[in-house]
$ cat start-v6.txt   # compact mmCIF, C-alpha atoms
# COMPACT_ATOMS: atom_id res chain seq x y z
CA MET A 285 0.00 0.00 0.00
CA SER A 286 1.59 3.23 -1.11
CA PRO A 287 1.45 6.31 1.12
CA THR A 288 -0.91 9.08 0.09
CA SER A 289 -1.23 12.69 1.12
CA THR A 290 -3.84 15.33 0.67
CA SER A 291 -3.62 19.09 0.65
CA VAL A 292 -6.57 21.03 1.95
CA SER A 293 -6.82 24.76 1.43
CA THR A 294 -9.07 26.68 3.72
CA TYR A 295 -10.40 30.03 2.69
CA THR A 296 -12.06 32.44 5.03
CA ARG A 297 -15.32 34.34 4.79
CA THR A 298 -13.23 37.49 4.90
CA GLN A 299 -11.50 36.42 1.69
CA THR A 300 -14.85 35.65 0.07
CA ALA A 301 -16.17 39.06 1.12
CA THR A 302 -13.03 40.85 -0.06
CA TYR A 303 -13.10 39.14 -3.41
CA LEU A 304 -16.79 39.60 -4.18
CA THR A 305 -16.70 43.22 -3.04
CA ASP A 306 -13.95 43.91 -5.56
CA VAL A 307 -15.93 42.13 -8.27
CA VAL A 308 -19.05 44.22 -7.57
CA MET A 309 -17.28 47.55 -7.08
CA GLY A 310 -15.09 47.02 -10.14
CA ALA A 311 -18.11 46.15 -12.27
CA ILE A 312 -19.99 49.23 -11.06
CA ALA A 313 -16.99 51.47 -11.83
CA ASP A 314 -16.63 50.07 -15.33
CA ILE A 315 -20.37 50.25 -16.05
CA LEU A 316 -20.61 53.88 -14.93
CA ALA A 317 -17.51 54.78 -16.94
CA ASP A 318 -18.97 53.02 -19.97
CA LEU A 319 -22.23 54.93 -19.59
CA LYS A 320 -20.24 58.17 -19.14
CA ILE A 321 -21.87 58.85 -15.79
CA ASP A 322 -19.81 61.02 -13.44
CA VAL A 323 -17.88 58.71 -11.08
CA THR A 324 -16.50 61.43 -8.80
CA VAL A 325 -18.68 60.38 -5.85
CA LEU A 326 -18.00 56.67 -6.41
CA TYR A 327 -14.25 57.31 -6.31
CA ARG A 328 -14.55 59.68 -3.34
CA ASP A 329 -16.58 57.23 -1.22
CA TRP A 330 -14.77 54.11 -2.41
CA LYS A 331 -13.16 53.06 0.87
CA GLN A 332 -16.35 53.61 2.84
CA ASP A 333 -18.54 51.68 0.39
CA GLU A 334 -15.95 48.94 -0.04
CA ALA A 335 -15.76 48.43 3.73
CA ALA A 336 -19.54 48.39 4.11
CA ILE A 337 -20.21 45.89 1.32
CA ALA A 338 -17.39 43.61 2.49
CA ALA A 339 -18.70 43.65 6.06
CA TRP A 340 -22.24 42.85 4.94
CA ILE A 341 -21.11 39.98 2.69
CA GLU A 342 -18.95 38.58 5.48
CA GLU A 343 -21.85 38.59 7.93
CA GLU A 344 -24.11 37.28 5.13
CA SER A 345 -26.69 40.00 5.60
CA LEU A 346 -26.36 41.50 2.13
CA GLN A 347 -29.04 40.41 -0.32
CA GLN A 348 -28.00 42.55 -3.27
CA VAL A 349 -26.32 45.74 -4.36
CA VAL A 350 -28.44 47.81 -6.71
CA LEU A 351 -27.11 50.43 -9.12
CA GLU A 352 -29.81 52.90 -10.16
CA CYS A 353 -29.26 55.35 -13.02
CA HIS A 354 -31.32 58.53 -12.57
CA GLN A 355 -31.88 60.30 -15.86
CA PRO A 356 -32.49 64.08 -16.00
CA ASN A 357 -36.14 63.57 -17.07
CA GLY A 358 -36.87 61.56 -13.92
CA THR A 359 -36.64 58.12 -15.49
CA VAL A 360 -34.74 55.61 -13.38
CA ALA A 361 -33.13 53.26 -15.88
CA PRO A 362 -31.17 51.19 -16.30
CA ILE A 363 -31.16 49.47 -12.94
CA ILE A 364 -28.48 46.87 -12.40
CA GLU A 365 -28.79 44.39 -9.58
CA PHE A 366 -25.97 42.34 -8.07
CA PRO A 367 -27.63 39.61 -5.97
CA VAL A 368 -25.44 37.58 -3.63
CA ALA A 369 -26.10 33.87 -3.06
CA TYR A 370 -24.52 32.25 -0.03
CA THR A 371 -23.54 28.63 0.43
CA THR A 372 -24.25 27.01 3.78
CA THR A 373 -20.67 25.83 4.12
CA GLY A 374 -17.50 26.79 2.29
CA LYS A 375 -17.24 24.55 -0.77
CA GLY A 376 -14.01 22.61 -0.60
CA ASP A 377 -13.37 22.75 -4.33
CA ALA A 378 -14.56 26.32 -4.79
CA THR A 379 -12.25 28.89 -6.30
CA PHE A 380 -12.16 32.64 -6.68
CA THR A 381 -13.33 33.37 -10.20
CA ALA A 382 -14.71 36.40 -12.01
CA ASP A 383 -16.04 36.57 -15.54
CA ARG A 384 -14.69 40.02 -16.40
CA ALA A 385 -14.28 39.23 -20.10
CA ALA A 386 -17.96 38.39 -20.38
CA LEU A 387 -18.84 41.57 -18.49
CA ALA A 388 -16.80 43.63 -20.95
CA ARG A 389 -18.74 42.12 -23.86
CA TYR A 390 -22.02 42.64 -22.03
CA ARG A 391 -21.24 46.28 -21.23
CA ALA A 392 -21.06 47.05 -24.92
CA LYS A 393 -24.75 46.13 -25.18
CA LEU A 394 -25.94 48.46 -22.41
CA GLU A 395 -28.25 51.22 -23.55
CA ARG A 396 -26.67 54.67 -23.47
CA VAL A 397 -28.04 57.26 -21.05
CA PRO A 398 -28.46 61.01 -21.59
CA SER A 399 -25.86 63.48 -20.39
CA GLY A 400 -26.51 64.56 -16.82
CA THR A 401 -27.60 61.12 -15.66
CA THR A 402 -26.55 60.42 -12.07
CA TYR A 403 -26.47 57.22 -10.11
CA GLY A 404 -27.40 55.81 -6.72
CA LEU A 405 -26.21 52.73 -4.86
CA ILE A 406 -28.70 50.86 -2.72
CA CYS A 407 -28.20 47.70 -0.71
CA THR A 408 -31.00 45.34 0.31
CA PHE A 409 -30.70 42.80 3.11
CA ARG A 410 -31.81 39.28 3.93
CA LYS A 411 -31.38 39.68 7.69
CA THR A 412 -30.38 42.27 10.26
CA ARG A 413 -27.28 44.14 9.20
CA THR A 414 -24.53 45.88 11.10
CA PRO A 415 -24.81 49.66 10.53
CA GLN A 416 -22.01 51.09 8.41
CA PRO A 417 -20.81 54.71 8.14
CA GLY A 418 -22.26 56.69 5.25
CA TRP A 419 -25.21 54.36 4.72
CA GLY A 420 -28.78 55.14 5.78
CA PRO A 421 -32.34 54.14 4.95
CA ALA A 422 -33.35 54.48 1.29
CA THR A 423 -36.18 53.52 -1.00
CA ARG A 424 -35.64 51.68 -4.23
CA ALA A 425 -37.03 53.07 -7.46
CA SER A 426 -39.85 51.12 -9.03
CA THR A 427 -38.88 48.46 -11.53
CA ASP A 428 -42.40 48.28 -12.99
CA GLY A 429 -42.37 48.19 -16.77
CA LEU A 430 -38.65 47.48 -17.01
CA LYS A 431 -37.43 44.51 -18.99
CA SER A 432 -35.09 42.18 -17.16
CA LEU A 433 -32.02 40.44 -18.55
CA LYS A 434 -29.92 38.00 -16.59
CA PHE A 435 -26.16 38.20 -17.02
CA GLY A 436 -25.54 35.16 -14.87
CA THR A 437 -22.73 34.62 -12.40
CA LEU A 438 -20.29 37.51 -12.28
CA GLY A 439 -17.99 36.18 -9.61
CA SER A 440 -17.79 33.26 -7.23
CA ALA A 441 -15.88 32.42 -4.09
CA PRO A 442 -15.92 29.55 -1.58
CA HIS A 443 -18.76 30.91 0.57
CA ALA A 444 -20.83 32.95 -1.89
CA ALA A 445 -21.36 34.02 -5.47
CA VAL A 446 -22.60 37.24 -7.06
CA SER A 447 -24.60 37.48 -10.24
CA MET A 448 -25.95 40.38 -12.26
CA ARG A 449 -29.36 41.35 -13.58
CA TYR A 450 -29.94 44.24 -15.97
CA LEU A 451 -33.31 46.04 -15.95
CA HIS A 452 -34.02 48.57 -18.68
CA MET B 228 17.23 48.60 -14.84
CA GLN B 229 13.96 46.91 -15.71
CA ARG B 230 12.06 45.31 -12.88
CA HIS B 231 8.59 43.81 -12.59
CA ARG B 232 6.75 43.31 -9.34
CA GLN B 233 3.42 41.61 -8.67
CA VAL B 234 1.11 42.63 -5.86
CA ALA B 235 -1.58 40.33 -4.49
CA ALA B 236 -5.05 41.86 -4.84
CA ALA B 237 -8.41 40.27 -3.87
CA PRO B 238 -9.03 37.98 -2.08
CA GLN B 239 -5.83 38.82 -0.17
CA ARG B 240 -6.42 42.58 -0.13
CA ARG B 241 -9.28 44.95 -0.84
CA ALA B 242 -8.75 47.27 -3.80
CA SER B 243 -7.91 50.21 -1.54
CA GLU B 244 -5.38 48.11 0.41
CA THR B 245 -3.83 46.86 -2.83
CA TRP B 246 -3.41 50.42 -4.07
CA GLU B 247 -1.76 51.34 -0.76
CA ALA B 248 0.64 48.39 -1.12
CA ILE B 249 1.56 49.56 -4.61
CA GLY B 250 2.11 53.07 -3.25
CA GLN B 251 4.34 51.79 -0.44
CA LEU B 252 6.44 49.81 -2.91
CA ILE B 253 6.95 52.86 -5.13
CA SER B 254 7.56 55.17 -2.18
CA ALA B 255 10.12 52.84 -0.57
CA THR B 256 11.94 52.47 -3.89
CA LEU B 257 12.17 56.18 -4.66
CA ASP B 258 12.87 57.15 -1.06
CA ARG B 259 16.38 55.73 -1.54
CA SER B 260 17.17 58.81 -3.60
CA PRO B 261 18.34 61.94 -1.77
CA HIS B 262 16.63 63.96 -4.52
CA ILE B 263 13.13 62.52 -4.04
CA LEU B 264 10.89 63.00 -1.03
CA ALA B 265 8.77 60.02 -0.03
CA SER B 266 6.05 62.47 0.97
CA ASP B 267 5.89 63.73 -2.64
CA VAL B 268 5.49 60.15 -3.87
CA ASP B 269 2.84 59.42 -1.25
CA GLN B 270 1.00 62.58 -2.27
CA ALA B 271 1.04 61.55 -5.95
CA MET B 272 -0.23 58.07 -5.13
CA GLU B 273 -2.95 59.49 -2.91
CA HIS B 274 -3.94 61.83 -5.75
CA ALA B 275 -4.18 58.84 -8.09
CA SER B 276 -5.91 56.61 -5.54
CA THR B 277 -9.35 57.73 -6.67
CA VAL B 278 -9.02 55.95 -9.97
CA GLY B 279 -6.32 53.56 -8.77
CA ARG B 280 -8.72 51.62 -6.55
CA ALA B 281 -11.14 51.22 -9.46
CA LEU B 282 -8.32 50.01 -11.72
CA VAL B 283 -7.49 47.35 -9.14
CA ALA B 284 -11.06 46.26 -8.40
CA ALA B 285 -12.01 45.89 -12.05
CA GLY B 286 -8.93 43.75 -12.69
CA HIS B 287 -7.36 46.23 -15.12
CA LEU B 288 -4.03 46.13 -13.26
CA ASP B 289 -3.92 42.36 -13.70
CA LYS B 290 -3.31 43.05 -17.39
CA HIS B 291 -1.97 46.61 -17.57
CA ALA B 292 0.97 47.72 -15.45
CA VAL B 293 1.57 50.83 -13.43
CA VAL B 294 5.03 51.89 -14.62
CA VAL B 295 7.50 53.95 -12.60
CA VAL B 296 10.22 55.62 -14.65
CA ALA B 297 12.97 57.15 -12.53
CA ASP B 298 16.22 56.62 -14.39
CA PRO B 299 17.90 54.17 -13.84
CA ILE B 300 14.75 52.52 -12.47
CA TYR B 301 12.11 51.20 -14.80
CA LEU B 302 9.60 49.43 -12.60
CA SER B 303 6.37 47.88 -13.84
CA ILE B 304 3.81 46.73 -11.29
CA THR B 305 0.84 44.49 -11.94
CA THR B 306 -1.68 42.89 -9.62
CA VAL B 307 -2.67 39.27 -9.24
CA SER B 308 -6.31 38.52 -8.43
CA GLY B 309 -8.27 35.38 -7.69
CA MET B 310 -6.80 32.00 -6.77
CA ALA B 311 -3.33 32.98 -7.94
CA ALA B 312 -3.27 35.80 -5.39
CA THR B 313 -3.62 33.32 -2.53
CA THR B 314 -0.32 31.62 -3.37
CA LEU B 315 1.62 34.57 -4.78
CA ASP B 316 5.19 34.90 -3.50
CA GLU B 317 5.29 38.68 -3.14
CA ASP B 318 8.36 40.84 -3.00
CA LEU B 319 7.32 44.30 -1.84
CA GLY B 320 10.80 45.40 -0.83
CA PRO B 321 12.35 48.47 -2.45
CA VAL B 322 13.64 47.91 -5.95
CA PRO B 323 17.43 48.47 -6.11
CA GLY B 324 18.80 51.44 -8.00
CA GLY B 325 16.69 54.20 -6.51
CA ALA B 326 19.63 55.96 -4.88
CA THR B 327 20.66 57.75 -8.08
CA ALA B 328 17.18 58.59 -9.35
CA THR B 329 16.35 62.26 -9.72
CA ASP B 330 13.28 62.88 -11.88
CA TRP B 331 10.38 60.45 -11.67
CA THR B 332 7.03 59.76 -13.29
CA ILE B 333 4.33 57.24 -12.46
CA TYR B 334 2.48 56.10 -15.57
CA LEU B 335 -1.04 54.83 -14.96
CA PRO B 336 -2.66 52.54 -17.51
CA ALA B 337 -5.75 54.02 -19.10
CA PRO B 338 -7.67 51.10 -20.64
CA GLU B 339 -11.27 51.30 -21.82
CA PRO B 340 -13.74 52.09 -20.37
CA VAL B 341 -11.88 54.14 -17.73
CA THR B 342 -9.58 56.00 -20.12
CA GLU B 343 -11.18 59.39 -19.49
CA SER B 344 -11.35 58.81 -15.73
CA VAL B 345 -7.62 58.07 -15.58
CA ARG B 346 -6.77 61.11 -17.70
CA ALA B 347 -8.91 63.30 -15.47
CA ALA B 348 -7.32 61.86 -12.33
CA VAL B 349 -3.75 62.62 -13.41
CA SER B 350 -4.57 66.02 -14.85
CA GLY B 351 -2.52 68.72 -13.15
CA ALA B 352 -0.34 66.25 -11.23
CA SER B 353 3.29 66.82 -12.19
CA HIS B 354 4.55 63.28 -11.52
CA LEU B 355 1.57 61.35 -12.89
CA SER B 356 0.84 60.48 -16.49
CA ALA B 357 -1.83 58.62 -18.40
CA GLU B 358 0.35 58.43 -21.50
CA GLU B 359 2.13 55.31 -22.69
CA PRO B 360 5.34 54.96 -20.69
CA PRO B 361 8.57 55.16 -22.68
CA GLY B 362 9.87 51.64 -23.20
CA GLU B 363 13.34 51.16 -21.70
CA SER B 364 14.56 49.37 -24.82
CA THR B 365 12.99 52.09 -26.98
CA SER B 366 15.02 54.71 -25.17
CA LYS B 367 18.22 52.82 -25.89
CA SER B 368 17.43 52.27 -29.54
CA ALA B 369 16.47 55.93 -29.84
CA ALA B 370 19.90 56.83 -28.52
CA SER B 371 21.47 54.49 -31.04
CA ASP B 372 19.44 56.00 -33.85
CA HIS B 373 20.60 59.44 -32.78
CA GLU B 374 24.21 58.29 -32.93
CA ASN B 375 23.58 56.97 -36.41
CA VAL B 376 22.24 60.35 -37.48
CA LEU B 377 25.35 62.05 -36.12
CA ASN B 378 27.55 59.57 -37.92
CA LEU B 379 25.74 60.18 -41.16
CA ASP B 380 26.20 63.92 -40.72
CA ALA B 381 29.89 63.41 -40.10
CA LEU B 382 30.16 61.30 -43.21
CA ALA B 383 28.36 63.94 -45.25
CA GLN B 384 30.73 66.59 -43.91
CA ARG B 385 33.75 64.47 -44.80
CA ALA B 386 32.36 63.97 -48.29
CA GLN B 387 32.03 67.76 -48.69
CA GLU B 388 35.55 68.30 -47.38
CA ARG B 389 36.85 65.87 -49.98
CA ARG B 390 35.30 67.92 -52.79
$ encode --input "start-v6.txt" --output "structure tokens"
Amino acid sequence: MSPTSTSVSTYTRTQTATYLTDVVMGAIADILADLKIDVTVLYRDWKQDEAAIAAWIEEESLQQVVLECHQPNGTVAPIIEFPVAYTTTGKGDATFTADRAALARYRAKLERVPSGTTYGLICTFRKTRTPQPGWGPATRASTDGLKSLKFGTLGSAPHAAVSMRYLH
Amino acid sequence: MQRHRQVAAAPQRRASETWEAIGQLISATLDRSPHILASDVDQAMEHASTVGRALVAAGHLDKHAVVVVADPIYLSITTVSGMAATTLDEDLGPVPGGATATDWTIYLPAPEPVTESVRAAVSGASHLSAEEPPGESTSKSAASDHENVLNLDALAQRAQERR
């Protein structure tokens, strides 16, 4: 009988949260840049938003991050949702993957928005969340009448995965 | 002196932490020079951090390097994200050669779709650029070309003298 050995890598929820936060924040930055929406506030508040989203993914309270585009005529479109799905236990064979190439191709298909369009970031929750600086109560814009397109999985990690849905 | 360094990004570091690690590497390298203040480098990196964090998070720095040109140093820095970041053997120590550097420029990559954002971020910052960095080998060949031009001029002068 020959000797055998196994190597087990253990990844933490912090790593999952760090990774998926980068995937979401990076996608939002690229989408806003692609739509030519002013990203000054996104860049300014980056550390605060990054910390909040990472904390909420780590504690598994975050349901989804929602990017709302507010057009000058009052229309709120497109709306892009980033739902997070959690696994009950860290998957042993899970890896950290992001489909950024597919996102780049998908971005090219996004409808353009008029000059002066601004954006808002809203988070929804599946359970009680820990309060984070800079974040307060908000109301989502209606999605009535918007068509929905699923992008699929944007990024995955051992304890969770994030996908993307485009409403326009 | 061409050097390339890789910095572990997510899941090892958040985008903002990765940008800080890149800044510390550049600052420590240039701080070896008596002509360069680390505080000036830190200020430049802080100025660029607005777009720098987004470049990291979106994975742009995995493919496109931040390049520091401070003769004789030519340092390109990329990030490593995903599974590879978890096993990366990092070297974040100062790159040798900084002691004789005088002038310095940090070139940020400006890929689509953040090209305009990068250009706006470096605008007005004297040590930041969104242009293509000069290739080290290009600089050498340019010098050689220049010598060739001088030689041709000398030959032409000799030819005239012979007449």
$ interface_residues --input "start-v6.txt" --of "chain A" --to "chain B" --cutoff "7 Å" --atoms "only C-alpha atoms" --output "list in words"
Gln299, Thr300, Thr302, Tyr303, Asp306, Val307, Met309, Gly310, Ala311, Ala313, Asp314, Ala317, Asp318, Tyr327, Arg328, Lys331, Thr379, Phe380 and Thr381 of chain A
$ atom_distance --input "start-v6.txt" --atom1 "atom CA of B:Gly325" --atom2 "atom CA of B:Val345"
26.2 Å
$ atom_distance --input "start-v6.txt" --atom1 "atom CA of A:Gly404" --atom2 "atom CA of A:Asn357"
15.6 Å
$ atom_distance --input "start-v6.txt" --atom1 "atom CA of A:Ala445" --atom2 "atom CA of A:Ile341"
10.1 Å
$ closest_residue --input "start-v6.txt" --among "A:Ile363, A:Leu304, A:Leu316, A:Ala422" --to "A:Ala339" --atoms "all atoms listed in the file"
A:Leu304
$ residues_around --input "start-v6.txt" --residues "A:Thr423" --least-positions-apart "6" --cutoff "10 Å" --atoms "all atoms listed in the file" --output "MDAnalysis selection string"
chainID A and resid 406:408
$ closest_residue --input "start-v6.txt" --among "B:Asp267, B:Glu273, B:Glu247, B:Glu359" --to "B:Val296" --atoms "all atoms listed in the file"
B:Glu359
$ closest_residue --input "start-v6.txt" --among "B:Asp330, B:Asp289, B:Asp318, B:Asp298" --to "B:Ile263" --atoms "only C-alpha atoms"
B:Asp330
$ residues_around --input "start-v6.txt" --residues "A:Arg449" --least-positions-apart "6" --cutoff "6 Å" --atoms "all atoms listed in the file" --output "PyMOL selection string"
chain A and resi 364-365+433-435
$ write_last_selection --input "start-v6.txt" --atoms "C-alpha atoms" --output "PDB file, in the frame of the given file"
ATOM      1  CA  ILE A 364     -28.480  46.870 -12.400  1.00  0.00           C
ATOM      2  CA  GLU A 365     -28.790  44.390  -9.580  1.00  0.00           C
ATOM      3  CA  LEU A 433     -32.020  40.440 -18.550  1.00  0.00           C
ATOM      4  CA  LYS A 434     -29.920  38.000 -16.590  1.00  0.00           C
ATOM      5  CA  PHE A 435     -26.160  38.200 -17.020  1.00  0.00           C
TER       6      PHE A 435
END
$ residues_around --input "start-v6.txt" --residues "B:Glu358" --least-positions-apart "6" --cutoff "9 Å" --atoms "all atoms listed in the file" --output "PyMOL selection string"
chain B and resi 334-337+346
$ residues_around --input "start-v6.txt" --residues "A:Pro362" --least-positions-apart "5" --cutoff "7 Å" --atoms "all atoms listed in the file" --output "list in words"
Glu352, Cys353, Leu451 and His452 of chain A
$ closest_residue --input "start-v6.txt" --among "B:Ile304, B:Ala352, B:Ala265, B:Ala326" --to "B:Val234" --atoms "all atoms listed in the file"
B:Ile304
